[in-house]
>>> print(open('structure.cif').read())   # mmCIF, C-alpha atoms
data_target
#
loop_
_atom_site.label_atom_id
_atom_site.label_comp_id
_atom_site.auth_asym_id
_atom_site.auth_seq_id
_atom_site.Cartn_x
_atom_site.Cartn_y
_atom_site.Cartn_z
CA MET A 1 -32.67 -183.93 29.68
CA ILE A 2 -35.07 -181.17 30.59
CA ARG A 3 -33.58 -177.88 29.49
CA LYS A 4 -33.80 -174.80 31.72
CA ASN A 5 -31.75 -172.33 29.73
CA VAL A 6 -33.33 -169.09 28.58
CA ALA A 7 -31.76 -166.82 25.97
CA THR A 8 -32.39 -163.36 27.38
CA ILE A 9 -32.64 -161.68 30.75
CA ASN A 10 -36.17 -160.59 29.85
CA GLN A 11 -37.16 -164.24 29.58
CA ALA A 12 -35.37 -164.87 32.87
CA ILE A 13 -37.50 -162.33 34.77
CA GLU A 14 -40.75 -162.96 32.89
CA GLY A 15 -43.66 -163.20 35.30
CA ILE A 16 -42.15 -161.03 38.02
CA GLN A 17 -44.81 -158.50 38.97
CA SER A 18 -45.22 -155.63 41.39
CA GLY A 19 -45.95 -156.69 44.96
CA MET A 20 -44.28 -160.08 44.68
CA THR A 21 -41.96 -161.62 47.26
CA LEU A 22 -38.42 -162.27 46.03
CA MET A 23 -35.54 -164.21 47.59
CA LEU A 24 -32.10 -162.97 46.58
CA GLY A 25 -28.90 -164.89 47.22
CA GLY A 26 -25.63 -163.40 48.42
CA PHE A 27 -23.79 -162.33 51.56
CA GLY A 28 -22.66 -158.72 51.40
CA LEU A 29 -21.77 -158.23 47.74
CA CYS A 30 -20.43 -161.79 47.46
CA GLY A 31 -22.47 -164.16 45.30
CA ILE A 32 -25.29 -161.75 44.47
CA PRO A 33 -27.36 -162.14 41.27
CA GLU A 34 -26.12 -158.83 39.96
CA ASN A 35 -27.54 -159.09 36.42
CA LEU A 36 -31.03 -159.93 37.70
CA ILE A 37 -30.91 -157.13 40.29
CA LYS A 38 -29.89 -154.64 37.62
CA ALA A 39 -32.70 -155.77 35.30
CA LEU A 40 -35.28 -155.46 38.09
CA SER A 41 -34.01 -152.01 39.07
CA GLN A 42 -34.63 -150.89 35.48
CA SER A 43 -38.02 -152.63 35.17
CA SER A 44 -41.44 -151.03 35.62
CA PHE A 45 -42.21 -153.29 38.57
CA GLY A 46 -41.78 -152.54 42.28
CA ASP A 47 -43.36 -152.81 45.75
CA PHE A 48 -41.35 -155.97 46.26
CA THR A 49 -40.90 -157.82 49.51
CA CYS A 50 -37.29 -158.98 49.49
CA ILE A 51 -35.62 -161.74 51.48
CA SER A 52 -31.83 -161.48 51.57
CA ALA A 53 -29.07 -161.62 54.19
CA ASN A 54 -28.00 -158.00 53.64
CA VAL A 55 -29.05 -154.87 51.76
CA GLY A 56 -26.09 -154.18 49.47
CA VAL A 57 -24.30 -150.83 49.31
CA ASP A 58 -25.70 -147.57 47.96
CA ASP A 59 -24.84 -148.09 44.30
CA PHE A 60 -24.53 -151.84 44.01
CA GLY A 61 -26.35 -155.06 44.83
CA LEU A 62 -29.72 -154.67 46.52
CA GLY A 63 -28.82 -150.99 46.90
CA LEU A 64 -29.88 -150.58 43.26
CA LEU A 65 -33.41 -151.71 44.15
CA PHE A 66 -33.55 -149.43 47.21
CA GLY A 67 -32.21 -146.56 45.10
CA ALA A 68 -35.00 -147.14 42.55
CA LYS A 69 -37.54 -147.42 45.43
CA LYS A 70 -38.57 -150.89 44.37
CA ILE A 71 -38.72 -152.47 47.84
CA LYS A 72 -41.54 -152.00 50.36
CA LYS A 73 -40.57 -154.69 52.85
CA MET A 74 -37.24 -156.30 53.68
CA TYR A 75 -36.47 -159.52 55.54
CA GLY A 76 -32.76 -159.46 56.33
CA SER A 77 -30.25 -160.14 59.05
CA TYR A 78 -27.57 -157.45 58.91
CA VAL A 79 -28.57 -154.21 57.23
CA GLY A 80 -25.61 -151.85 57.71
CA GLU A 81 -23.48 -150.39 54.89
CA ASN A 82 -26.25 -148.72 52.83
CA LYS A 83 -27.13 -145.05 53.43
CA GLU A 84 -30.21 -144.96 51.16
CA PHE A 85 -31.58 -148.04 52.92
CA GLU A 86 -30.94 -146.29 56.27
CA ARG A 87 -32.82 -143.22 55.10
CA GLN A 88 -35.84 -145.23 53.92
CA PHE A 89 -35.75 -147.32 57.13
CA LEU A 90 -35.59 -144.28 59.45
CA SER A 91 -38.35 -142.45 57.55
CA SER A 92 -40.52 -145.61 57.65
CA GLU A 93 -40.77 -145.73 53.86
CA ILE A 94 -39.93 -149.41 54.10
CA GLU A 95 -40.85 -152.09 56.58
CA VAL A 96 -37.90 -154.09 57.92
CA CYS A 97 -38.04 -157.47 59.61
CA LEU A 98 -34.71 -158.51 61.16
CA VAL A 99 -34.10 -162.24 61.40
CA PRO A 100 -31.16 -164.06 63.07
CA MET A 101 -28.94 -165.22 60.22
CA GLY A 102 -29.14 -168.94 60.97
CA THR A 103 -32.92 -168.67 61.24
CA LEU A 104 -33.02 -166.78 57.93
CA ALA A 105 -31.02 -169.57 56.26
CA GLU A 106 -33.23 -172.26 57.74
CA LYS A 107 -36.46 -170.44 56.74
CA CYS A 108 -35.18 -170.59 53.14
CA ARG A 109 -34.09 -174.21 53.44
CA ALA A 110 -37.42 -175.20 55.02
CA ALA A 111 -39.27 -173.64 52.08
CA GLN A 112 -36.99 -175.52 49.69
CA MET A 113 -37.39 -178.84 51.48
CA GLY A 114 -41.13 -178.79 52.14
CA ILE A 115 -40.86 -178.30 55.90
CA PRO A 116 -43.54 -175.82 57.09
CA ALA A 117 -41.86 -174.90 60.40
CA PHE A 118 -38.96 -175.79 62.68
CA TYR A 119 -37.64 -175.12 66.18
CA THR A 120 -34.47 -173.13 66.83
CA PRO A 121 -32.99 -171.69 70.04
CA ALA A 122 -31.85 -168.45 68.33
CA GLY A 123 -33.63 -165.42 69.72
CA PHE A 124 -35.34 -167.10 72.68
CA GLY A 125 -35.78 -164.53 75.45
CA THR A 126 -35.23 -161.61 73.04
CA GLU A 127 -37.58 -159.38 71.06
CA VAL A 128 -37.29 -161.84 68.15
CA ALA A 129 -39.38 -164.24 70.27
CA GLU A 130 -42.30 -161.82 70.71
CA GLY A 131 -45.57 -163.43 69.63
CA LYS A 132 -43.92 -166.72 68.70
CA GLU A 133 -44.72 -170.17 70.03
CA TYR A 134 -41.94 -171.87 71.92
CA ARG A 135 -41.32 -175.29 73.36
CA ASN A 136 -38.89 -176.90 75.75
CA PHE A 137 -36.87 -179.89 74.56
CA LYS A 138 -34.47 -181.56 77.02
CA GLY A 139 -34.39 -178.50 79.28
CA LYS A 140 -33.75 -175.88 76.58
CA ASN A 141 -36.23 -173.48 75.01
CA TYR A 142 -36.74 -173.24 71.25
CA LEU A 143 -38.78 -170.87 69.09
CA LEU A 144 -41.11 -172.13 66.40
CA GLU A 145 -40.13 -170.48 63.11
CA THR A 146 -41.96 -170.94 59.81
CA ALA A 147 -40.74 -171.43 56.26
CA PHE A 148 -40.67 -168.43 53.94
CA GLU A 149 -43.27 -168.21 51.17
CA SER A 150 -42.07 -166.43 48.08
CA ASP A 151 -42.73 -166.05 44.37
CA PHE A 152 -39.27 -165.87 42.82
CA SER A 153 -35.81 -166.96 43.96
CA LEU A 154 -32.99 -165.09 42.21
CA VAL A 155 -29.65 -166.80 42.70
CA LYS A 156 -26.12 -166.63 41.37
CA ALA A 157 -23.78 -169.56 40.73
CA TRP A 158 -20.29 -169.86 39.30
CA LYS A 159 -21.06 -172.50 36.68
CA GLY A 160 -24.22 -174.15 35.49
CA ASP A 161 -25.38 -176.38 32.68
CA GLU A 162 -28.46 -176.17 30.47
CA ALA A 163 -30.20 -178.72 32.72
CA GLY A 164 -30.02 -176.17 35.57
CA ASN A 165 -27.34 -177.98 37.60
CA LEU A 166 -25.29 -175.49 39.61
CA VAL A 167 -21.76 -175.25 40.99
CA PHE A 168 -20.82 -172.45 43.41
CA LYS A 169 -17.41 -171.01 44.20
CA GLY A 170 -15.86 -170.12 47.55
CA THR A 171 -17.97 -168.16 49.99
CA ALA A 172 -20.19 -166.99 47.10
CA LYS A 173 -22.22 -170.11 47.91
CA ASN A 174 -23.80 -168.67 51.09
CA PHE A 175 -27.61 -168.41 50.74
CA ASN A 176 -27.79 -169.28 47.03
CA PRO A 177 -28.19 -173.08 47.25
CA LEU A 178 -30.84 -172.70 49.98
CA MET A 179 -33.02 -170.43 47.89
CA CYS A 180 -33.12 -172.77 44.86
CA GLY A 181 -36.57 -174.32 44.74
CA ALA A 182 -37.68 -172.29 47.78
CA SER A 183 -39.99 -170.07 45.67
CA THR A 184 -42.58 -170.80 42.99
CA ILE A 185 -39.96 -170.01 40.30
CA THR A 186 -36.16 -170.11 40.68
CA VAL A 187 -33.94 -168.18 38.28
CA ALA A 188 -30.18 -168.76 38.30
CA GLU A 189 -27.60 -166.52 36.66
CA VAL A 190 -24.19 -168.09 36.14
CA GLU A 191 -20.78 -166.83 35.13
CA GLU A 192 -20.37 -169.75 32.76
CA LEU A 193 -23.19 -171.76 31.17
CA VAL A 194 -22.03 -175.06 29.71
CA PRO A 195 -23.80 -177.71 27.58
CA ILE A 196 -25.47 -180.69 29.22
CA GLY A 197 -22.85 -183.31 30.00
CA ASP A 198 -19.97 -180.92 30.60
CA LEU A 199 -20.34 -180.86 34.40
CA ASP A 200 -19.22 -183.86 36.45
CA PRO A 201 -22.34 -185.13 38.31
CA ASN A 202 -20.11 -185.75 41.35
CA GLN A 203 -19.29 -182.07 41.60
CA ILE A 204 -22.78 -180.56 41.34
CA HIS A 205 -23.89 -178.59 44.42
CA THR A 206 -27.52 -177.94 43.43
CA PRO A 207 -29.34 -180.39 41.14
CA GLY A 208 -31.27 -178.85 38.24
CA ILE A 209 -34.64 -179.97 39.62
CA PHE A 210 -34.47 -176.97 42.00
CA VAL A 211 -33.90 -174.50 39.14
CA ASP A 212 -36.53 -173.35 36.62
CA ARG A 213 -34.52 -170.94 34.47
CA ILE A 214 -30.79 -170.52 33.91
CA PHE A 215 -28.79 -168.01 31.88
CA GLN A 216 -25.25 -166.75 31.58
CA GLY A 217 -24.98 -163.23 32.98
CA GLU A 218 -23.85 -160.65 30.46
CA HIS A 219 -21.50 -158.81 32.79
CA PHE A 220 -20.23 -159.54 36.28
CA GLU A 221 -18.60 -156.71 38.19
CA LYS A 222 -18.09 -158.83 41.36
CA ARG A 223 -17.31 -155.80 43.46
CA ILE A 224 -15.32 -156.27 46.68
CA GLU A 225 -16.88 -154.58 49.70
CA ARG A 226 -13.83 -154.54 52.02
CA ARG A 227 -10.61 -155.11 50.16
CA THR A 228 -8.22 -156.24 52.89
CA VAL A 229 -4.65 -157.32 52.17
CA GLN A 230 -1.58 -158.39 54.11
CA ILE A 231 0.48 -155.45 55.24
CA MET B 1 -2.48 -150.79 84.04
CA SER B 2 -5.61 -151.81 82.23
CA LEU B 3 -5.15 -153.98 79.15
CA THR B 4 -5.21 -152.69 75.58
CA LYS B 5 -7.68 -154.30 73.19
CA ASN B 6 -4.80 -156.24 71.72
CA GLN B 7 -3.85 -157.54 75.19
CA ILE B 8 -7.46 -158.61 75.82
CA ALA B 9 -7.17 -160.68 72.63
CA GLN B 10 -3.80 -161.99 73.80
CA ARG B 11 -5.30 -163.15 77.13
CA ILE B 12 -8.27 -164.81 75.37
CA ALA B 13 -5.90 -166.65 73.01
CA GLN B 14 -4.62 -168.47 76.11
CA GLU B 15 -8.07 -170.08 76.36
CA LEU B 16 -7.61 -171.83 72.98
CA GLN B 17 -6.90 -175.53 72.93
CA SER B 18 -5.51 -177.69 70.17
CA GLY B 19 -8.32 -179.22 68.13
CA PHE B 20 -10.73 -176.33 68.72
CA TYR B 21 -13.00 -175.04 65.96
CA VAL B 22 -13.49 -171.36 66.79
CA ASN B 23 -15.86 -168.63 65.64
CA LEU B 24 -14.54 -165.08 66.10
CA GLY B 25 -16.86 -162.10 66.18
CA ILE B 26 -16.04 -158.65 64.82
CA GLY B 27 -13.92 -156.19 66.86
CA ILE B 28 -11.57 -157.35 69.64
CA PRO B 29 -12.35 -161.06 68.91
CA THR B 30 -10.85 -160.73 65.41
CA LEU B 31 -7.50 -159.85 67.03
CA VAL B 32 -7.37 -163.25 68.79
CA ALA B 33 -6.21 -164.83 65.50
CA ASN B 34 -2.95 -162.84 65.84
CA HIS B 35 -2.05 -164.55 69.13
CA ILE B 36 -2.37 -168.28 68.49
CA PRO B 37 0.31 -170.07 70.52
CA GLU B 38 3.06 -171.70 68.47
CA GLY B 39 2.23 -175.26 67.45
CA MET B 40 -1.46 -175.05 68.40
CA GLU B 41 -3.91 -176.47 65.86
CA VAL B 42 -7.11 -174.43 65.80
CA GLU B 43 -9.44 -173.77 62.88
CA PHE B 44 -11.46 -170.60 62.44
CA GLN B 45 -14.99 -170.69 61.08
CA SER B 46 -16.57 -167.70 59.43
CA GLU B 47 -20.34 -168.03 59.41
CA ASN B 48 -20.73 -166.89 55.81
CA GLY B 49 -19.41 -170.29 54.84
CA ILE B 50 -15.76 -171.20 55.37
CA LEU B 51 -13.90 -173.38 57.82
CA GLY B 52 -10.14 -172.85 57.84
CA VAL B 53 -9.92 -169.08 57.42
CA GLY B 54 -6.37 -168.05 56.55
CA PRO B 55 -4.58 -164.70 56.39
CA PHE B 56 -5.61 -161.72 54.29
CA PRO B 57 -4.45 -162.08 50.65
CA GLU B 58 -1.38 -160.41 49.23
CA ALA B 59 -2.19 -157.23 47.30
CA GLY B 60 -3.38 -158.16 43.82
CA LYS B 61 -4.52 -161.63 44.86
CA GLU B 62 -7.90 -160.66 46.34
CA ASP B 63 -10.78 -162.92 45.27
CA PRO B 64 -14.28 -161.37 45.39
CA ASP B 65 -15.67 -164.89 45.98
CA LEU B 66 -13.65 -165.30 49.19
CA ILE B 67 -14.64 -163.13 52.15
CA ASN B 68 -15.17 -163.48 55.89
CA ALA B 69 -18.28 -162.52 57.88
CA GLY B 70 -16.89 -158.99 58.17
CA LYS B 71 -16.88 -158.89 54.33
CA GLN B 72 -13.07 -158.62 54.23
CA THR B 73 -11.14 -160.50 51.57
CA ILE B 74 -9.43 -163.62 52.95
CA THR B 75 -7.48 -166.67 51.85
CA PRO B 76 -8.25 -170.32 52.66
CA LEU B 77 -5.74 -172.49 54.50
CA PRO B 78 -4.87 -175.92 53.09
CA GLY B 79 -7.63 -178.28 54.23
CA SER B 80 -10.32 -175.61 54.41
CA SER B 81 -13.88 -176.09 53.18
CA TYR B 82 -16.75 -173.96 51.86
CA PHE B 83 -20.43 -174.53 52.60
CA ASP B 84 -23.82 -172.85 52.44
CA SER B 85 -25.30 -170.75 55.24
CA ALA B 86 -27.63 -173.51 56.50
CA VAL B 87 -24.69 -175.89 56.93
CA SER B 88 -22.69 -173.08 58.53
CA PHE B 89 -25.34 -172.36 61.13
CA GLY B 90 -25.86 -176.10 61.52
CA MET B 91 -22.24 -176.26 62.73
CA ILE B 92 -23.11 -173.54 65.24
CA ARG B 93 -26.57 -174.77 66.30
CA GLY B 94 -25.40 -178.38 66.40
CA GLN B 95 -22.60 -177.36 68.80
CA HIS B 96 -19.79 -178.53 66.53
CA ILE B 97 -18.00 -175.21 67.12
CA ASP B 98 -15.96 -175.51 70.31
CA LEU B 99 -15.52 -171.86 71.21
CA THR B 100 -17.27 -168.62 70.31
CA ILE B 101 -15.60 -165.28 71.05
CA LEU B 102 -17.84 -162.23 70.82
CA GLY B 103 -17.91 -158.57 71.72
CA ALA B 104 -20.71 -157.14 73.86
CA MET B 105 -22.28 -153.84 74.86
CA GLU B 106 -23.61 -155.27 78.16
CA VAL B 107 -23.46 -158.54 80.08
CA SER B 108 -25.62 -159.34 83.11
CA ASP B 109 -24.49 -161.26 86.19
CA THR B 110 -26.74 -164.15 85.09
CA GLY B 111 -24.99 -164.40 81.72
CA ASP B 112 -27.45 -162.47 79.54
CA ILE B 113 -25.84 -160.54 76.70
CA ALA B 114 -26.84 -157.44 74.73
CA ASN B 115 -24.74 -156.64 71.69
CA TRP B 116 -26.95 -155.87 68.70
CA LYS B 117 -29.24 -152.92 69.18
CA VAL B 118 -29.27 -149.51 70.86
CA PRO B 119 -32.76 -147.96 70.91
CA GLY B 120 -32.78 -144.56 69.23
CA LYS B 121 -29.66 -145.35 67.24
CA LEU B 122 -29.52 -146.87 63.81
CA ILE B 123 -30.22 -150.59 63.97
CA LYS B 124 -27.97 -152.72 61.83
CA GLY B 125 -29.35 -156.12 62.73
CA MET B 126 -28.19 -159.11 64.74
CA GLY B 127 -26.48 -161.01 61.91
CA GLY B 128 -25.44 -164.37 63.32
CA ALA B 129 -25.03 -163.20 66.93
CA MET B 130 -28.34 -164.60 68.24
CA ASP B 131 -27.67 -167.99 66.68
CA LEU B 132 -24.16 -168.05 68.14
CA VAL B 133 -25.12 -167.12 71.70
CA ALA B 134 -28.19 -169.39 71.78
CA SER B 135 -26.26 -172.47 70.73
CA SER B 136 -22.64 -172.25 71.83
CA GLU B 137 -21.70 -174.14 74.98
CA ASN B 138 -18.54 -172.14 75.37
CA ILE B 139 -18.81 -168.36 74.89
CA ILE B 140 -16.12 -165.89 75.90
CA ILE B 141 -16.94 -162.21 75.77
CA ALA B 142 -14.19 -159.75 74.86
CA MET B 143 -15.00 -156.18 75.81
CA MET B 144 -13.97 -153.09 77.72
CA HIS B 145 -15.15 -153.13 81.36
CA THR B 146 -16.83 -149.74 81.05
CA ASP B 147 -18.37 -147.77 78.19
CA SER B 148 -16.99 -144.54 76.76
CA LYS B 149 -18.79 -142.54 79.47
CA GLY B 150 -17.34 -144.68 82.27
CA GLY B 151 -20.53 -146.62 82.93
CA SER B 152 -20.19 -150.30 83.82
CA LYS B 153 -20.95 -152.85 81.10
CA LEU B 154 -21.21 -155.62 83.73
CA LEU B 155 -24.69 -155.20 85.14
CA ASN B 156 -27.36 -156.85 87.31
CA LYS B 157 -29.66 -156.76 84.34
CA CYS B 158 -29.02 -155.63 80.77
CA THR B 159 -30.72 -152.36 79.86
CA LEU B 160 -30.35 -152.83 76.09
CA PRO B 161 -32.40 -155.30 74.02
CA LEU B 162 -31.04 -158.79 74.60
CA THR B 163 -29.16 -160.95 72.13
CA GLY B 164 -29.46 -164.05 74.32
CA VAL B 165 -30.25 -165.16 77.86
CA ARG B 166 -28.05 -167.07 80.35
CA CYS B 167 -25.42 -167.92 77.77
CA VAL B 168 -22.15 -166.19 78.67
CA LYS B 169 -19.62 -168.30 80.60
CA ARG B 170 -16.53 -166.08 80.74
CA ILE B 171 -15.69 -162.41 80.21
CA VAL B 172 -12.27 -160.92 79.54
CA THR B 173 -12.12 -157.13 79.89
CA ASP B 174 -9.36 -154.56 80.08
CA LEU B 175 -9.51 -154.93 83.88
CA ALA B 176 -10.30 -158.55 84.66
CA VAL B 177 -11.19 -162.14 83.81
CA LEU B 178 -14.56 -163.09 85.25
CA ASP B 179 -16.72 -166.21 85.12
CA ILE B 180 -20.49 -166.26 85.38
CA VAL B 181 -21.52 -168.36 88.41
CA ASP B 182 -24.82 -168.66 90.30
CA GLU B 183 -23.79 -165.83 92.65
CA GLY B 184 -22.81 -163.40 89.86
CA PHE B 185 -19.50 -162.36 88.29
CA LEU B 186 -16.71 -164.42 89.84
CA LEU B 187 -13.48 -162.43 89.69
CA LYS B 188 -10.79 -164.85 88.52
CA GLU B 189 -7.88 -162.63 87.50
CA ARG B 190 -7.10 -158.94 87.46
CA ALA B 191 -5.09 -157.01 84.90
CA PRO B 192 -1.51 -156.31 85.99
CA GLY B 193 -1.50 -153.45 88.48
CA VAL B 194 -5.29 -153.18 88.67
CA SER B 195 -6.70 -153.44 92.19
CA ILE B 196 -9.75 -155.41 93.28
CA GLU B 197 -11.24 -152.10 94.41
CA GLU B 198 -10.92 -150.63 90.92
CA ILE B 199 -12.70 -153.66 89.48
CA ARG B 200 -15.38 -153.45 92.16
CA GLN B 201 -16.03 -149.81 91.30
CA ALA B 202 -16.25 -150.57 87.57
CA THR B 203 -18.66 -153.49 88.07
CA SER B 204 -22.30 -152.70 88.72
CA GLY B 205 -23.61 -156.32 88.82
CA ARG B 206 -23.02 -158.76 91.69
CA LEU B 207 -19.29 -159.37 92.04
CA VAL B 208 -17.89 -162.39 93.83
CA ILE B 209 -14.29 -162.12 95.02
CA SER B 210 -12.39 -165.22 96.04
CA GLU B 211 -9.62 -165.11 98.66
CA SER B 212 -6.86 -164.64 96.19
CA VAL B 213 -7.23 -163.01 92.78
CA PRO B 214 -3.99 -163.39 90.84
CA GLU B 215 -2.74 -160.94 88.25
CA MET B 216 -3.11 -162.07 84.65
CA VAL B 217 -0.05 -163.49 82.99
CA LEU B 218 0.14 -162.47 79.34
CA LYS B 219 2.07 -165.00 77.34
CA GLU B 220 3.66 -164.09 74.04
CA ALA B 221 2.35 -166.26 71.22
#
>>> encode(input="structure.cif", output="C-alpha cells")
Amino acid sequence: MIRKNVATINQAIEGIQSGMTLMLGGFGLCGIPENLIKALSQSSFGDFTCISANVGVDDFGLGLLFGAKKIKKMYGSYVGENKEFERQFLSSEIEVCLVPMGTLAEKCRAAQMGIPAFYTPAGFGTEVAEGKEYRNFKGKNYLLETAFESDFSLVKAWKGDEAGNLVFKGTAKNFNPLMCGASTITVAEVEELVPIGDLDPNQIHTPGIFVDRIFQGEHFEKRIERRTVQI
Amino acid sequence: MSLTKNQIAQRIAQELQSGFYVNLGIGIPTLVANHIPEGMEVEFQSENGILGVGPFPEAGKEDPDLINAGKQTITPLPGSSYFDSAVSFGMIRGQHIDLTILGAMEVSDTGDIANWKVPGKLIKGMGGAMDLVASSENIIIAMMHTDSKGGSKLLNKCTLPLTGVRCVKRIVTDLAVLDIVDEGFLLKERAPGVSIEEIRQATSGRLVISESVPEMVLKEA
C-alpha cells in the first residue's frame, strides 16, 4: 500500500507558499480543517486565494486567516457571520467572488474529476451570468461554468487510514469529499488515523488515491455555530 | 385580519403532499415544519447534506457534526441519509426535490424573484438560493405582502438584483394566496377578513381577480 501519512503538521503544509490558491472544506464551522487553518494563520505565508463555502466566524475557522490578513481573494457562497471579513470586504482590502452553492460544489467536483467545464441553470438571468457563455438545452437556459484550479486542498474527515482513505461523519461531509484531488496537492486532517487494513473498504467515502497527505489533528475544538435545542 | 408569519407557514403546510421531499429556506419557511398534517409522510432536505431532518436535539445531546443549512444543531430521523454538497445540489438540480419553500424580498408578476442582495447594504451571498430557484419545478414563496415601509413586494419588475427569472409558481403572504399566470398575479385566496381592495392596494404588479376569491381556511395540523 502507498502510505500518505505524515508525522507533523509542518510536513502536512510543506510547499504552501504566498499567493497560492487553497480549497478549504467545511460548511459553517462544521467539518472545517481546523488544525490546518490554525497552522496557516500562524505561518509566514499569505496573499492566499481561498475557495470555501463560508468565511468562518471572527475567531474561528477561516476567520483566523482573515484576522491574520492572509487572504486577498475569496470564492464563497454565503459570507455572513464574520465581522472582520465584513470590514475587509467593505474597505475593498479583499476581493470577493460570490458563487451559487451548487455551482461552487460542482466547480470543485469538476476539478476533481477532470471535467474542464459544465452547464448549470443556477444564476441564469442574474448578475452571476454576466460575461458567461450560455446555451439552451430542451427549452431551458444554462450557464457554462468552469472547474476551479487550485494548488492545495485542505480537508477534514472523521477517520482515515495511512493509505489516505477517508470516512466522513454526518453533515461534516459537505464540501470535503469534493475537494479531495481537486488541487495539485490534497492534505487531509482526521480525528482518528488508523493503520492500513483497519477500515472496511465497503465503508470508505473517499479513496486514498485522491489524498496526498494525511495526519491526525492534534486538537479538535469542533465549535458549534448555532446551538439550538428543543424547548 | 392579516396572517401572522406562523399562519403563513400553517397555510403553506396545506400544500404538502405525502411522499414529498421538501427543501425549506430560512425564515418563515422554517416554520412550515411545525405544521405538518397528522399522518403525512414528508422528508425535509437541508442542502448542506442531509435528507430526513428531525427535531432540534435535547440539551446536552448537540452534535457539532450535525447541522442544518441555517447552521443550527439538528437530529436525524430514522431512515435519514448524509451526502456531500455535489450530491445535495444534484438532488435539487436534478429535480428530485418535490417542493421548495423560500422567502423573498421581491417577486415580479412574471415569476422573477429577488431575495439575496440589497445594493448599498452588506452582501451576504446567495448560498443555495440561485440553485434552488433555477431548478425547482415547484416553488412556493412565503413572505409578507409589503415591506417594513409599506411598499409592495409584488411588483411588475423586481428592483433588486435577481436570484432567478420566471421561476415562482405560488406566493403565500399575510394577505393572500396568489399564483403566477401569464396575465400576472392571480388572486386565489384572501386572508380571513382581508378585502380584495386591500390586496389590490398592497399589490403593485398586475393583479388578476377571478369572480370569487374565497377566504383562506387554516387547518390545525
>>> resolve_selection(input="structure.cif", expression="the PyMOL selection byres ((chain A and resi 157-173) around 9)", output="PyMOL selection string")
(chain A and resi 1-6+25-27+29-33+155-156+174-177+188-199+201+203-216) or (chain B and resi 48-50+64-68+81-85)
>>> interface_residues(input="structure.cif", of="chain B", to="chain A", cutoff="8 Å", atoms="only C-alpha atoms", output="compact mmCIF listing (two decimals) with C-alpha atoms, in the frame of the given file")
# COMPACT_ATOMS: atom_id res chain seq x y z
CA ASN B 48 -20.73 -166.89 55.81
CA GLY B 49 -19.41 -170.29 54.84
CA ILE B 50 -15.76 -171.20 55.37
CA PRO B 55 -4.58 -164.70 56.39
CA PHE B 56 -5.61 -161.72 54.29
CA PRO B 57 -4.45 -162.08 50.65
CA GLU B 58 -1.38 -160.41 49.23
CA ALA B 59 -2.19 -157.23 47.30
CA GLU B 62 -7.90 -160.66 46.34
CA PRO B 64 -14.28 -161.37 45.39
CA ASP B 65 -15.67 -164.89 45.98
CA LEU B 66 -13.65 -165.30 49.19
CA ILE B 67 -14.64 -163.13 52.15
CA LYS B 71 -16.88 -158.89 54.33
CA GLN B 72 -13.07 -158.62 54.23
CA THR B 73 -11.14 -160.50 51.57
CA ILE B 74 -9.43 -163.62 52.95
CA TYR B 82 -16.75 -173.96 51.86
CA PHE B 83 -20.43 -174.53 52.60
CA ASP B 84 -23.82 -172.85 52.44
CA SER B 85 -25.30 -170.75 55.24
CA ALA B 86 -27.63 -173.51 56.50
CA PHE B 89 -25.34 -172.36 61.13
CA GLY B 90 -25.86 -176.10 61.52
CA LEU B 122 -29.52 -146.87 63.81
CA ILE B 123 -30.22 -150.59 63.97
CA LYS B 124 -27.97 -152.72 61.83
CA GLY B 125 -29.35 -156.12 62.73
CA MET B 126 -28.19 -159.11 64.74
CA GLY B 127 -26.48 -161.01 61.91
CA GLY B 128 -25.44 -164.37 63.32
CA ALA B 129 -25.03 -163.20 66.93
CA MET B 130 -28.34 -164.60 68.24
CA ASP B 131 -27.67 -167.99 66.68
CA LEU B 132 -24.16 -168.05 68.14
CA VAL B 133 -25.12 -167.12 71.70
CA ALA B 134 -28.19 -169.39 71.78
CA SER B 135 -26.26 -172.47 70.73
CA PRO B 161 -32.40 -155.30 74.02
CA LEU B 162 -31.04 -158.79 74.60
CA THR B 163 -29.16 -160.95 72.13
CA GLY B 164 -29.46 -164.05 74.32
CA VAL B 165 -30.25 -165.16 77.86
>>> closest_residue(input="structure.cif", among="B:Val87, B:Leu31, B:Ala202, B:Ile113", to="B:Met144", atoms="all atoms listed in the file")
B:Ala202
>>> resolve_selection(input="structure.cif", expression="the PyMOL selection byres ((chain A and resi 185) around 12)", output="ChimeraX atom specification")
/A:4,12-16,20-23,112,149-155,179-184,186-188,209-214
>>> residues_around(input="structure.cif", residues="B:Val42", least_positions_apart="2", cutoff="12 Å", atoms="only C-alpha atoms", output="short mmCIF file (atom, residue, chain, number, x, y, z; two decimals) with C-alpha atoms, keeping the file's coordinate frame")
data_model
loop_
_atom_site.label_atom_id
_atom_site.label_comp_id
_atom_site.auth_asym_id
_atom_site.auth_seq_id
_atom_site.Cartn_x
_atom_site.Cartn_y
_atom_site.Cartn_z
CA ALA B 13 -5.90 -166.65 73.01
CA GLU B 15 -8.07 -170.08 76.36
CA LEU B 16 -7.61 -171.83 72.98
CA GLN B 17 -6.90 -175.53 72.93
CA SER B 18 -5.51 -177.69 70.17
CA GLY B 19 -8.32 -179.22 68.13
CA PHE B 20 -10.73 -176.33 68.72
CA TYR B 21 -13.00 -175.04 65.96
CA VAL B 22 -13.49 -171.36 66.79
CA ASN B 23 -15.86 -168.63 65.64
CA LEU B 24 -14.54 -165.08 66.10
CA VAL B 32 -7.37 -163.25 68.79
CA ALA B 33 -6.21 -164.83 65.50
CA HIS B 35 -2.05 -164.55 69.13
CA ILE B 36 -2.37 -168.28 68.49
CA PRO B 37 0.31 -170.07 70.52
CA GLU B 38 3.06 -171.70 68.47
CA GLY B 39 2.23 -175.26 67.45
CA MET B 40 -1.46 -175.05 68.40
CA PHE B 44 -11.46 -170.60 62.44
CA GLN B 45 -14.99 -170.69 61.08
CA LEU B 51 -13.90 -173.38 57.82
CA GLY B 52 -10.14 -172.85 57.84
CA VAL B 53 -9.92 -169.08 57.42
CA GLY B 54 -6.37 -168.05 56.55
CA LEU B 77 -5.74 -172.49 54.50
CA SER B 80 -10.32 -175.61 54.41
CA ILE B 97 -18.00 -175.21 67.12
CA ASP B 98 -15.96 -175.51 70.31
CA LEU B 99 -15.52 -171.86 71.21
#
>>> resolve_selection(input="structure.cif", expression="the PyMOL selection byres ((chain A and resi 39) around 10)", output="MDAnalysis selection string")
chainID A and resid 9:10 12:13 34:38 40:44 64:65
